[in-house]
>>> print(open('final-v2.cif').read())   # mmCIF, C-alpha atoms and all ligand atoms
data_my_file
loop_
_atom_site.label_atom_id
_atom_site.label_comp_id
_atom_site.auth_asym_id
_atom_site.auth_seq_id
_atom_site.Cartn_x
_atom_site.Cartn_y
_atom_site.Cartn_z
CA MET A 1 7.04 25.42 -11.19
CA LYS A 2 9.97 24.46 -13.43
CA PHE A 3 9.95 20.75 -14.11
CA GLN A 4 12.85 18.86 -12.58
CA GLU A 5 14.86 16.82 -15.07
CA ILE A 6 15.47 13.31 -13.77
CA LYS A 7 17.62 12.09 -16.64
CA ASN A 8 18.13 12.87 -20.32
CA ASN A 9 14.86 14.70 -21.17
CA ILE A 10 12.75 12.79 -18.65
CA TYR A 11 11.08 15.27 -16.29
CA TYR A 12 9.02 15.16 -13.10
CA CYS A 13 5.78 17.08 -13.71
CA GLY A 14 3.75 15.87 -10.72
CA LEU A 15 2.53 17.77 -7.67
CA ASN A 16 2.67 17.53 -3.91
CA ASP A 17 -0.55 17.50 -1.89
CA CYS A 18 0.55 18.57 1.58
CA GLU A 19 -2.98 19.33 2.74
CA ARG A 20 -4.43 15.88 2.20
CA THR A 21 -4.91 14.16 5.54
CA ILE A 22 -6.59 10.89 4.60
CA PHE A 23 -6.36 8.50 1.64
CA ASP A 24 -9.16 6.28 0.36
CA GLU A 25 -11.22 7.90 3.17
CA LEU A 26 -9.71 5.21 5.38
CA ILE A 27 -6.22 5.68 6.76
CA PRO A 28 -4.68 9.00 7.84
CA LEU A 29 -1.74 10.44 5.91
CA GLU A 30 1.22 11.55 8.02
CA CYS A 31 3.20 13.34 5.30
CA GLY A 32 0.57 14.26 2.68
CA THR A 33 1.19 12.65 -0.68
CA SER A 34 2.33 13.40 -4.18
CA TYR A 35 0.69 12.54 -7.49
CA ASN A 36 3.55 11.83 -9.84
CA SER A 37 3.44 12.49 -13.54
CA TYR A 38 6.36 12.28 -15.94
CA LEU A 39 7.12 14.10 -19.17
CA VAL A 40 9.31 12.15 -21.61
CA LYS A 41 10.69 14.09 -24.58
CA GLY A 42 12.01 11.86 -27.33
CA SER A 43 13.74 13.13 -30.46
CA GLU A 44 10.48 12.78 -32.43
CA LYS A 45 7.58 12.36 -30.00
CA THR A 46 6.60 13.43 -26.51
CA ALA A 47 4.78 11.35 -23.91
CA ILE A 48 3.26 12.00 -20.51
CA ILE A 49 3.24 9.03 -18.15
CA ASP A 50 0.29 9.15 -15.72
CA THR A 51 -1.64 12.36 -15.10
CA MET A 52 -3.13 14.05 -12.05
CA TYR A 53 -5.67 13.85 -9.21
CA PRO A 54 -8.66 15.98 -10.33
CA PRO A 55 -8.56 18.64 -7.53
CA LYS A 56 -5.01 19.47 -8.70
CA ALA A 57 -5.91 19.57 -12.41
CA GLN A 58 -5.68 23.32 -12.96
CA GLU A 59 -2.29 23.66 -11.28
CA TYR A 60 -1.05 20.70 -13.31
CA LEU A 61 -2.30 22.09 -16.62
CA ASP A 62 -0.89 25.55 -15.83
CA ASN A 63 2.50 23.98 -15.10
CA LEU A 64 2.50 22.24 -18.47
CA ASP A 65 1.91 25.66 -20.09
CA LYS A 66 4.58 27.37 -18.00
CA ASN A 67 7.07 24.70 -19.05
CA GLY A 68 6.24 25.14 -22.73
CA VAL A 69 4.67 21.74 -23.31
CA ASP A 70 2.67 22.58 -26.45
CA LYS A 71 2.51 19.14 -28.06
CA VAL A 72 1.98 15.70 -26.55
CA ASP A 73 1.72 12.59 -28.71
CA TYR A 74 1.04 9.92 -26.11
CA ILE A 75 -0.48 9.85 -22.65
CA ILE A 76 0.44 6.62 -20.94
CA ALA A 77 -2.07 5.38 -18.35
CA ASN A 78 -0.35 2.77 -16.21
CA HIS A 79 -3.48 2.29 -14.06
CA GLY A 80 -7.06 3.54 -14.16
CA GLU A 81 -7.58 4.92 -10.65
CA GLN A 82 -8.54 8.56 -10.79
CA ASP A 83 -5.64 9.92 -8.75
CA HIS A 84 -3.58 9.16 -11.89
CA THR A 85 -6.11 9.36 -14.70
CA GLY A 86 -8.51 11.98 -13.38
CA THR A 87 -7.08 14.74 -15.57
CA LEU A 88 -7.16 12.69 -18.78
CA PRO A 89 -10.35 14.37 -20.08
CA GLU A 90 -8.74 17.82 -19.78
CA LEU A 91 -5.45 16.61 -21.25
CA ILE A 92 -6.99 15.14 -24.39
CA LYS A 93 -8.80 18.43 -24.94
CA LYS A 94 -5.58 20.38 -24.43
CA TYR A 95 -3.57 18.04 -26.69
CA PRO A 96 -6.12 16.82 -29.25
CA GLN A 97 -3.59 14.82 -31.25
CA ALA A 98 -2.55 12.78 -28.18
CA LYS A 99 -3.43 9.10 -27.95
CA ILE A 100 -4.08 7.37 -24.63
CA VAL A 101 -1.79 4.35 -24.42
CA THR A 102 -2.89 1.66 -22.02
CA ASN A 103 -3.78 -2.01 -21.67
CA ALA A 104 -7.21 -3.47 -22.37
CA ILE A 105 -8.35 -3.69 -18.73
CA CYS A 106 -7.24 -0.16 -17.94
CA LYS A 107 -8.95 1.13 -21.08
CA GLY A 108 -12.19 -0.40 -19.85
CA ASN A 109 -11.74 1.28 -16.47
CA ILE A 110 -11.01 4.66 -18.05
CA LYS A 111 -14.11 4.41 -20.21
CA GLU A 112 -16.25 3.60 -17.17
CA MET A 113 -14.71 6.05 -14.72
CA LEU A 114 -13.96 9.02 -16.95
CA LEU A 115 -16.56 8.51 -19.67
CA ILE A 116 -14.02 8.72 -22.49
CA ASP A 117 -15.87 6.77 -25.16
CA ASP A 118 -13.96 7.57 -28.35
CA GLU A 119 -12.22 4.31 -29.27
CA ASP A 120 -9.93 6.21 -31.68
CA LYS A 121 -8.35 8.01 -28.72
CA PHE A 122 -6.82 4.76 -27.46
CA ILE A 123 -3.82 2.65 -28.37
CA THR A 124 -4.17 -0.69 -26.59
CA VAL A 125 -0.93 -2.42 -25.63
CA LYS A 126 0.01 -5.89 -24.42
CA ASN A 127 2.93 -7.12 -22.37
CA ASP A 128 6.31 -6.28 -24.01
CA ASP A 129 4.74 -4.00 -26.65
CA THR A 130 6.78 -0.90 -27.42
CA ILE A 131 6.24 2.62 -28.71
CA SER A 132 9.04 4.71 -30.16
CA LEU A 133 9.55 8.35 -29.30
CA GLY A 134 12.53 8.50 -31.68
CA ASP A 135 15.62 8.10 -29.55
CA LYS A 136 13.58 6.59 -26.68
CA THR A 137 11.52 3.43 -26.54
CA LEU A 138 8.65 2.94 -24.14
CA LYS A 139 8.17 -0.71 -23.27
CA PHE A 140 5.07 -1.85 -21.41
CA ILE A 141 5.15 -4.51 -18.71
CA ILE A 142 1.72 -5.75 -17.69
CA ALA A 143 1.81 -6.16 -13.89
CA PRO A 144 -1.66 -7.13 -12.67
CA GLY A 145 -2.11 -7.31 -8.94
CA VAL A 146 0.19 -4.53 -7.79
CA HIS A 147 -2.35 -3.29 -7.01
CA TRP A 148 -5.25 -3.36 -9.51
CA PRO A 149 -5.87 -5.89 -12.29
CA ASP A 150 -5.21 -3.05 -14.76
CA THR A 151 -1.74 -2.12 -13.46
CA MET A 152 1.20 -1.94 -15.85
CA PHE A 153 4.71 -0.51 -15.72
CA THR A 154 6.37 1.59 -18.40
CA TYR A 155 10.09 1.07 -19.02
CA ILE A 156 12.07 3.74 -20.84
CA VAL A 157 14.52 1.31 -22.34
CA GLU A 158 17.51 3.43 -23.43
CA ASP A 159 17.58 5.31 -20.10
CA ARG A 160 16.84 2.27 -17.89
CA VAL A 161 14.05 4.20 -16.17
CA LEU A 162 11.10 2.19 -14.85
CA CYS A 163 7.76 3.82 -14.03
CA THR A 164 6.11 1.45 -11.56
CA CYS A 165 2.74 3.16 -11.05
CA ASP A 166 1.52 2.73 -7.43
CA PHE A 167 3.99 -0.10 -6.81
CA LEU A 168 6.99 0.94 -4.64
CA GLY A 169 5.36 4.27 -3.81
CA ALA A 170 5.03 6.27 -0.61
CA HIS A 171 2.65 8.91 0.66
CA TYR A 172 5.31 11.56 0.98
CA THR A 173 6.00 15.07 -0.29
CA PHE A 174 9.28 16.65 -1.35
CA GLU A 175 11.05 19.59 -2.97
CA ASP A 176 13.69 17.54 -4.79
CA CYS A 177 11.96 14.56 -6.37
CA ILE A 178 14.98 12.28 -5.93
CA ALA A 179 14.65 10.24 -2.73
CA LYS A 180 16.95 10.85 0.17
CA PRO A 181 16.97 7.55 2.05
CA SER A 182 15.95 8.07 5.67
CA LYS A 183 14.07 6.35 8.47
CA GLU A 184 11.18 8.76 7.84
CA LEU A 185 10.93 7.75 4.18
CA GLU A 186 11.22 4.06 5.09
CA HIS A 187 8.39 4.51 7.62
CA SER A 188 6.21 6.23 5.05
CA ALA A 189 6.90 3.61 2.37
CA LYS A 190 6.11 0.82 4.83
CA ARG A 191 2.86 2.43 5.88
CA TYR A 192 1.93 2.77 2.21
CA TYR A 193 2.87 -0.87 1.54
CA ALA A 194 0.78 -2.00 4.53
CA GLU A 195 -2.33 -0.18 3.40
CA ILE A 196 -2.16 -0.62 -0.35
CA MET A 197 0.15 -3.45 -1.34
CA MET A 198 0.08 -5.97 1.54
CA PRO A 199 -3.12 -7.67 0.27
CA PHE A 200 -1.08 -8.56 -2.84
CA ARG A 201 2.05 -9.72 -1.02
CA ASN A 202 2.84 -12.60 -3.35
CA MET A 203 2.49 -10.42 -6.45
CA CYS A 204 4.66 -7.77 -4.77
CA LYS A 205 7.28 -10.41 -4.14
CA LYS A 206 7.15 -11.55 -7.77
CA TYR A 207 7.52 -8.02 -9.19
CA THR A 208 10.22 -7.06 -6.69
CA LYS A 209 12.31 -9.93 -8.05
CA MET A 210 11.44 -9.07 -11.64
CA ILE A 211 12.58 -5.48 -11.15
CA LYS A 212 15.79 -6.57 -9.42
CA ASP A 213 16.54 -8.77 -12.44
CA LEU A 214 15.71 -5.92 -14.82
CA ASN A 215 18.15 -3.72 -12.87
CA PRO A 216 16.79 -0.26 -13.74
CA GLU A 217 18.86 2.81 -12.95
CA TYR A 218 15.81 4.72 -11.70
CA ILE A 219 12.44 3.76 -10.27
CA LEU A 220 9.69 6.30 -10.81
CA PRO A 221 6.57 5.46 -8.75
CA SER A 222 3.24 7.29 -8.88
CA HIS A 223 3.41 8.51 -5.27
CA GLY A 224 6.43 9.64 -3.29
CA PRO A 225 9.99 10.25 -4.37
CA ILE A 226 12.00 8.73 -7.21
CA TYR A 227 14.67 6.18 -6.42
CA ASP A 228 18.06 6.65 -8.07
CA ASN A 229 19.20 3.80 -5.83
CA PRO A 230 16.41 1.26 -6.49
CA ASN A 231 17.82 -1.25 -4.03
CA PHE A 232 16.77 1.02 -1.14
CA ILE A 233 13.09 0.34 -1.81
CA LEU A 234 13.50 -3.10 -3.39
CA ASN A 235 15.36 -4.46 -0.36
CA LEU A 236 12.63 -3.13 1.92
CA TYR A 237 10.00 -4.88 -0.21
CA GLU A 238 11.99 -8.13 0.01
CA ASP A 239 11.82 -7.83 3.79
CA TRP A 240 8.16 -6.87 4.00
CA THR A 241 6.99 -9.57 1.58
CA ALA A 242 9.04 -12.38 3.14
CA ASP A 243 7.00 -15.40 4.23
CA LEU A 244 8.50 -15.32 7.71
CA GLY A 245 7.61 -12.22 9.67
CA LYS A 246 9.08 -10.97 12.93
CA ASN A 247 8.93 -12.62 16.34
CA MET A 248 6.07 -10.29 17.21
CA VAL A 249 2.48 -10.41 18.48
CA ALA A 250 0.02 -7.67 17.51
CA MET A 251 -2.52 -7.02 20.25
CA PRO A 252 -5.29 -4.64 19.17
CA TYR A 253 -7.93 -4.27 21.86
CA VAL A 254 -10.91 -2.25 23.02
CA SER A 255 -11.75 -2.38 26.72
CA MET A 256 -14.76 -0.61 28.22
CA TYR A 257 -14.06 -1.22 31.94
CA GLY A 258 -10.44 -2.40 31.87
CA SER A 259 -11.00 -6.17 32.14
CA THR A 260 -10.06 -6.93 28.54
CA GLU A 261 -7.00 -4.71 28.82
CA GLU A 262 -5.97 -6.55 31.99
CA MET A 263 -6.02 -9.81 30.03
CA VAL A 264 -4.07 -8.22 27.16
CA ASP A 265 -1.47 -6.91 29.62
CA CYS A 266 -1.14 -10.29 31.29
CA LEU A 267 -0.40 -11.97 27.94
CA ALA A 268 1.88 -9.13 26.84
CA LYS A 269 4.08 -9.54 29.93
CA LYS A 270 4.45 -13.27 29.34
CA PHE A 271 5.39 -12.71 25.69
CA THR A 272 7.89 -9.99 26.57
CA ASP A 273 9.45 -12.24 29.23
CA ALA A 274 9.78 -14.94 26.54
CA GLY A 275 11.61 -12.54 24.21
CA ILE A 276 8.66 -11.96 21.87
CA GLU A 277 8.01 -8.39 20.79
CA VAL A 278 4.52 -7.13 21.66
CA VAL A 279 2.72 -4.28 19.93
CA LYS A 280 -0.29 -3.30 22.01
CA PHE A 281 -2.78 -1.17 20.08
CA ASP A 282 -5.68 0.76 21.60
CA ILE A 283 -8.28 0.53 18.86
CA VAL A 284 -10.20 3.58 20.08
CA THR A 285 -7.31 6.06 20.12
CA GLY A 286 -4.77 4.39 17.82
CA ASP A 287 -3.93 5.24 14.22
CA LEU A 288 -5.03 2.53 11.78
CA GLY A 289 -1.89 3.10 9.73
CA ASP A 290 0.26 2.14 12.72
CA LEU A 291 -1.71 -1.06 13.18
CA ALA A 292 -1.44 -1.87 9.47
CA MET A 293 2.36 -1.44 9.72
CA THR A 294 2.47 -3.82 12.69
CA LEU A 295 0.54 -6.37 10.66
CA VAL A 296 3.29 -6.31 8.01
CA ASP A 297 5.57 -8.06 10.52
CA ALA A 298 3.52 -9.78 13.25
CA GLU A 299 3.32 -13.57 13.21
CA SER A 300 0.41 -13.59 15.68
CA ILE A 301 -2.64 -11.46 16.30
CA ILE A 302 -4.58 -11.46 19.56
CA LEU A 303 -7.70 -9.34 19.36
CA GLY A 304 -9.24 -8.11 22.61
CA SER A 305 -12.83 -6.92 22.81
CA SER A 306 -15.50 -5.97 25.26
CA MET A 307 -19.09 -6.88 24.40
CA VAL A 308 -21.58 -4.28 23.25
CA LEU A 309 -25.00 -5.69 23.88
CA ALA A 310 -24.57 -9.32 22.80
CA TYR A 311 -21.92 -8.70 20.15
CA PRO A 312 -18.21 -7.85 19.84
CA HIS A 313 -17.48 -4.17 20.19
CA PRO A 314 -18.00 -2.65 16.70
CA MET A 315 -14.50 -1.17 16.75
CA ALA A 316 -13.03 -4.64 17.31
CA ALA A 317 -15.20 -5.96 14.48
CA ASN A 318 -13.82 -3.19 12.27
CA ILE A 319 -10.26 -4.30 13.05
CA ALA A 320 -11.08 -7.93 12.25
CA TYR A 321 -12.67 -6.81 8.98
CA LEU A 322 -9.69 -4.59 8.11
CA ALA A 323 -7.16 -7.33 8.90
CA ASN A 324 -9.12 -9.70 6.70
CA VAL A 325 -8.94 -7.19 3.84
CA LEU A 326 -5.24 -6.37 4.32
CA ARG A 327 -4.30 -10.07 4.37
CA PRO A 328 -1.27 -9.95 6.67
CA LYS A 329 1.14 -12.88 6.88
CA ALA A 330 0.27 -13.76 10.51
CA LYS A 331 -0.10 -17.49 11.09
CA PHE A 332 -1.67 -17.61 14.59
CA ALA A 333 -4.51 -15.77 16.26
CA SER A 334 -6.74 -15.74 19.28
CA PHE A 335 -9.24 -13.58 21.11
CA VAL A 336 -9.71 -12.38 24.65
CA GLY A 337 -12.68 -10.49 26.00
CA SER A 338 -15.04 -9.72 28.81
CA TYR A 339 -18.81 -9.57 28.95
CA GLY A 340 -21.47 -8.31 31.31
CA TRP A 341 -24.48 -10.47 30.61
CA GLY A 342 -23.87 -12.68 27.59
CA GLY A 343 -23.48 -13.08 23.87
CA ASN A 344 -21.14 -14.63 21.34
CA LEU A 345 -17.88 -12.72 21.19
CA PHE A 346 -15.59 -14.94 19.17
CA GLY A 347 -17.84 -16.49 16.54
CA LYS A 348 -18.43 -13.16 14.84
CA LEU A 349 -14.79 -12.04 15.03
CA GLN A 350 -13.57 -15.38 13.68
CA GLU A 351 -16.08 -15.14 10.86
CA LEU A 352 -14.78 -11.67 9.98
CA LEU A 353 -11.23 -13.06 9.80
CA SER A 354 -12.22 -16.09 7.75
CA GLY A 355 -10.26 -15.00 4.66
CA LEU A 356 -6.96 -15.47 6.51
CA LYS A 357 -5.18 -18.78 6.96
CA LEU A 358 -4.90 -18.51 10.74
CA GLU A 359 -4.47 -21.25 13.29
CA ILE A 360 -6.77 -20.19 16.11
CA ILE A 361 -5.47 -20.77 19.62
CA GLU A 362 -8.19 -21.43 22.26
CA PRO A 363 -9.69 -17.98 23.07
CA LEU A 364 -10.81 -16.76 26.48
CA LEU A 365 -13.99 -14.93 27.38
CA VAL A 366 -14.61 -13.98 31.01
CA LYS A 367 -17.56 -12.51 32.86
CA GLY A 368 -16.55 -9.20 34.39
CA LYS A 369 -13.00 -9.10 35.75
CA PRO A 370 -10.55 -11.94 35.12
CA LYS A 371 -10.04 -14.15 38.19
CA THR A 372 -7.39 -16.63 39.32
CA GLU A 373 -8.70 -19.43 37.11
CA ASP A 374 -8.82 -17.02 34.13
CA PHE A 375 -5.19 -16.04 34.61
CA GLU A 376 -4.32 -19.73 34.66
CA LYS A 377 -6.08 -20.08 31.28
CA LEU A 378 -4.16 -17.06 30.00
CA ASP A 379 -0.95 -18.83 31.09
CA VAL A 380 -1.95 -21.78 28.92
CA MET A 381 -2.78 -19.52 25.99
CA ALA A 382 0.53 -17.65 26.32
CA GLU A 383 2.49 -20.91 26.47
CA GLU A 384 0.80 -22.11 23.30
CA PHE A 385 1.78 -18.92 21.43
CA ILE A 386 5.31 -19.03 22.81
CA LYS A 387 5.69 -22.65 21.67
CA LYS A 388 4.48 -21.73 18.15
CA HIS A 389 6.85 -18.76 17.95
CA ASN A 390 9.81 -20.76 19.28
CA GLU A 391 9.20 -23.34 16.54
CA LEU A 392 9.03 -20.61 13.87
CA PHE A 393 12.10 -18.75 15.08
CA LYS A 394 14.27 -21.59 16.34
CA ASN A 395 17.00 -20.69 13.84
FE1 LIG A 401 -2.48 5.92 -6.64
FE2 LIG A 401 -4.26 3.05 -7.29
O1 LIG A 401 -3.90 4.87 -7.35
#
>>> encode(input="final-v2.cif", output="structure tokens")
Amino acid sequence: MKFQEIKNNIYYCGLNDCERTIFDELIPLECGTSYNSYLVKGSEKTAIIDTMYPPKAQEYLDNLDKNGVDKVDYIIANHGEQDHTGTLPELIKKYPQAKIVTNAICKGNIKEMLLIDDEDKFITVKNDDTISLGDKTLKFIIAPGVHWPDTMFTYIVEDRVLCTCDFLGAHYTFEDCIAKPSKELEHSAKRYYAEIMMPFRNMCKKYTKMIKDLNPEYILPSHGPIYDNPNFILNLYEDWTADLGKNMVAMPYVSMYGSTEEMVDCLAKKFTDAGIEVVKFDIVTGDLGDLAMTLVDAESIILGSSMVLAYPHPMAANIAYLANVLRPKAKFASFVGSYGWGGNLFGKLQELLSGLKLEIIEPLLVKGKPKTEDFEKLDVMAEEFIKKHNELFKN
């Protein structure tokens, strides 16, 4: 594969992975992914920014040969996770004069994860440090929290090209590495944000603003296409990281005999009638990525669960656990459910969500099918949510 030049001796040397169907062994991929790596040829020195996921190592190394890359002076590691550093051991063998340039935290991660012990192989950089490639300067911006503590960005100063590591990425594959804005790309970038970046929403907000102020001409993330119009992705991040979400209720549920779903449907109709968007999500058949995307926007979460033995259904517990980890912006929550012979449904679910700052609206647990008095209680619950949403969205 001939490397695509992005600008002025800066090349894309990454690879698509169209076959990969799941990331982090957690959430399905809809469009595969790419592992982006960049070759920067200065007038005196050459650098590679981020490397390659280990199963793609041979193809990556062969491509470097085919493109005549016979000398590399610096390998920049913006982040230690192995999808970007996994080929470092092979690269430092192939280019023995190359130094690994990274920050102190990332260096520690690389030593632990890749067992590269030789201290002389590393150049450790701090925020705003620079390295000259001759006519190009690499400037390092330490950006902890988007998404690991070791994350940094590399700015190619003269070309106004910013390599943002995982930040602003997408699980997406392409022929031409320059992004073509589309609803499909927006969907993929949002799904990626929901799964990977949403837990760090405030840091994402901070770095979105910082990058807007920096005003780069290009954004080069570590997954997905390159943005020659950075505002496409930066404006989306401004929307997704905003404190106020959408007038929307997320309703994930699992219902063994239909009673819990009946309660969910009753609430959903009342919300829809009140002009609130409802996203109902069948936990058993739904795609976790879709739910994560809903949680980017929803201001309320109502979790429905049947009982299994004396506990919440394990798949509902999994959703509560996942939501707690993803840290969505939702401000209100409640629970509905149905039981056969007993148990504590809500205590466990509420405990699993305890990391979120949620105001809990009075939940409702019924024995068997919901009855007239239960629907009256659902009316009260719905009114409480509607009142909260009307207050949030009165303007
Ligand atoms: Fe794409 Fe955090 O690695």
>>> closest_atom_pairs(input="final-v2.cif", of="chain A", to="ligand LIG 401 (chain A)", cutoff="7 Å", atoms="only C-alpha atoms and all ligand atoms", output="tab-separated table")
residue	atom	partner	partner_atom	distance
A:His79	CA	A:LIG401	FE2	6.9
A:Glu81	CA	A:LIG401	O1	4.9
A:Gln82	CA	A:LIG401	O1	6.9
A:Asp83	CA	A:LIG401	FE1	5.5
A:His84	CA	A:LIG401	O1	6.3
A:His147	CA	A:LIG401	FE2	6.6
A:Trp148	CA	A:LIG401	FE2	6.9
A:Asp166	CA	A:LIG401	FE1	5.2
A:Ser222	CA	A:LIG401	FE1	6.3
A:His223	CA	A:LIG401	FE1	6.6
>>> write_last_selection(input="final-v2.cif", atoms="C-alpha atoms", output="PDB file, keeping the file's coordinate frame")
ATOM      1  CA  HIS A  79      -3.480   2.290 -14.060  1.00  0.00           C
ATOM      2  CA  GLU A  81      -7.580   4.920 -10.650  1.00  0.00           C
ATOM      3  CA  GLN A  82      -8.540   8.560 -10.790  1.00  0.00           C
ATOM      4  CA  ASP A  83      -5.640   9.920  -8.750  1.00  0.00           C
ATOM      5  CA  HIS A  84      -3.580   9.160 -11.890  1.00  0.00           C
ATOM      6  CA  HIS A 147      -2.350  -3.290  -7.010  1.00  0.00           C
ATOM      7  CA  TRP A 148      -5.250  -3.360  -9.510  1.00  0.00           C
ATOM      8  CA  ASP A 166       1.520   2.730  -7.430  1.00  0.00           C
ATOM      9  CA  SER A 222       3.240   7.290  -8.880  1.00  0.00           C
ATOM     10  CA  HIS A 223       3.410   8.510  -5.270  1.00  0.00           C
TER      11      HIS A 223
END
>>> residues_around(input="final-v2.cif", residues="Met203 of chain A", least_positions_apart="4", cutoff="8 Å", atoms="only C-alpha atoms", output="compact mmCIF listing (two decimals) with C-alpha atoms, in the frame of the given file")
# COMPACT_ATOMS: atom_id res chain seq x y z
CA GLY A 145 -2.11 -7.31 -8.94
CA VAL A 146 0.19 -4.53 -7.79
CA TYR A 207 7.52 -8.02 -9.19
>>> atom_distance(input="final-v2.cif", atom1="atom CA of Gly258 of chain A", atom2="atom CA of Gly347 of chain A")
22.1 Å
>>> atom_distance(input="final-v2.cif", atom1="atom CA of Lys357 of chain A", atom2="atom CA of Thr208 of chain A")
23.7 Å
>>> closest_residue(input="final-v2.cif", among="A:Thr130, A:Asn235, A:Asn36, A:Gln58", to="Cys163 of chain A", atoms="all atoms listed in the file")
A:Asn36
>>> atom_distance(input="final-v2.cif", atom1="atom CA of Ile123 of chain A", atom2="atom CA of Thr164 of chain A")
19.6 Å
>>> residues_around(input="final-v2.cif", residues="Arg160 of chain A", least_positions_apart="3", cutoff="8 Å", atoms="all atoms listed in the file", output="list of chain:residue names")
A:Tyr155, A:Ile156, A:Val157, A:Asn215, A:Pro216, A:Glu217, A:Tyr218
>>> residues_around(input="final-v2.cif", residues="Gly289 of chain A", least_positions_apart="4", cutoff="9 Å", atoms="all atoms listed in the file", output="VMD selection string")
chain A and resid 27 to 29 191 to 192 194 to 195 293 to 294
>>> write_last_selection(input="final-v2.cif", atoms="C-alpha atoms", output="mmCIF file, in the frame of the given file")
data_model
loop_
_atom_site.group_PDB
_atom_site.id
_atom_site.type_symbol
_atom_site.label_atom_id
_atom_site.label_comp_id
_atom_site.auth_asym_id
_atom_site.auth_seq_id
_atom_site.Cartn_x
_atom_site.Cartn_y
_atom_site.Cartn_z
ATOM 1 C CA ILE A 27 -6.220 5.680 6.760
ATOM 2 C CA PRO A 28 -4.680 9.000 7.840
ATOM 3 C CA LEU A 29 -1.740 10.440 5.910
ATOM 4 C CA ARG A 191 2.860 2.430 5.880
ATOM 5 C CA TYR A 192 1.930 2.770 2.210
ATOM 6 C CA ALA A 194 0.780 -2.000 4.530
ATOM 7 C CA GLU A 195 -2.330 -0.180 3.400
ATOM 8 C CA MET A 293 2.360 -1.440 9.720
ATOM 9 C CA THR A 294 2.470 -3.820 12.690
#
>>> closest_residue(input="final-v2.cif", among="A:Ser43, A:Lys2, A:Gly342, A:Met152", to="Ile76 of chain A", atoms="all atoms listed in the file")
A:Met152
>>> closest_residue(input="final-v2.cif", among="A:Leu364, A:Leu88, A:Cys31, A:Ile386", to="Ile48 of chain A", atoms="all atoms listed in the file")
A:Leu88
>>> residues_around(input="final-v2.cif", residues="Ser354 of chain A", least_positions_apart="3", cutoff="10 Å", atoms="all atoms listed in the file", output="ChimeraX atom specification")
/A:320-321,324,348-351,357-358
>>> residues_around(input="final-v2.cif", residues="Ile301 of chain A", least_positions_apart="3", cutoff="6 Å", atoms="all atoms listed in the file", output="CSV table (one decimal) with C-alpha atoms, in the coordinates of the input")
chain,number,residue,atom,x,y,z
A,249,VAL,CA,2.5,-10.4,18.5
A,250,ALA,CA,0.0,-7.7,17.5
A,251,MET,CA,-2.5,-7.0,20.2
A,333,ALA,CA,-4.5,-15.8,16.3
>>> closest_residue(input="final-v2.cif", among="A:Lys377, A:Arg20, A:Lys136, A:Lys107", to="Thr124 of chain A", atoms="all atoms listed in the file")
A:Lys107
>>> residues_near_point(input="final-v2.cif", point="(3.1, 11.9, -2.4)", cutoff="10 Å", atoms="all atoms listed in the file", output="number ranges by chain")
A: 14-18, 20, 29, 31-36, 169-174, 188, 221-225
>>> build_atoms(input="final-v2.cif", residues="segment 48-58 of chain A", atoms="N, CA and C atoms", output="JSON list (two decimals), in the coordinates of the input")
[["chain", "number", "residue", "atom", "x", "y", "z"],
["A", 48, "ILE", "N", 3.48, 11.77, -21.94],
["A", 48, "ILE", "CA", 3.26, 12.00, -20.51],
["A", 48, "ILE", "C", 2.89, 10.65, -19.91],
["A", 49, "ILE", "N", 3.55, 10.30, -18.81],
["A", 49, "ILE", "CA", 3.24, 9.03, -18.15],
["A", 49, "ILE", "C", 2.48, 9.33, -16.87],
["A", 50, "ASP", "N", 1.24, 8.90, -16.81],
["A", 50, "ASP", "CA", 0.29, 9.15, -15.72],
["A", 50, "ASP", "C", 0.00, 10.65, -15.59],
["A", 51, "THR", "N", -1.21, 10.95, -15.11],
["A", 51, "THR", "CA", -1.64, 12.36, -15.10],
["A", 51, "THR", "C", -1.84, 12.84, -13.66],
["A", 52, "MET", "N", -3.00, 13.29, -13.30],
["A", 52, "MET", "CA", -3.13, 14.05, -12.05],
["A", 52, "MET", "C", -4.49, 13.83, -11.39],
["A", 53, "TYR", "N", -4.47, 13.89, -10.05],
["A", 53, "TYR", "CA", -5.67, 13.85, -9.21],
["A", 53, "TYR", "C", -6.55, 15.07, -9.56],
["A", 54, "PRO", "N", -7.83, 14.88, -9.81],
["A", 54, "PRO", "CA", -8.66, 15.98, -10.33],
["A", 54, "PRO", "C", -8.60, 17.30, -9.56],
["A", 55, "PRO", "N", -8.60, 17.32, -8.20],
["A", 55, "PRO", "CA", -8.56, 18.64, -7.53],
["A", 55, "PRO", "C", -7.28, 19.43, -7.84],
["A", 56, "LYS", "N", -6.27, 18.78, -8.37],
["A", 56, "LYS", "CA", -5.01, 19.47, -8.70],
["A", 56, "LYS", "C", -4.90, 19.74, -10.21],
["A", 57, "ALA", "N", -5.99, 19.52, -10.94],
["A", 57, "ALA", "CA", -5.91, 19.57, -12.41],
["A", 57, "ALA", "C", -5.43, 20.94, -12.93],
["A", 58, "GLN", "N", -6.02, 22.01, -12.39],
["A", 58, "GLN", "CA", -5.68, 23.32, -12.96],
["A", 58, "GLN", "C", -4.21, 23.66, -12.76]]
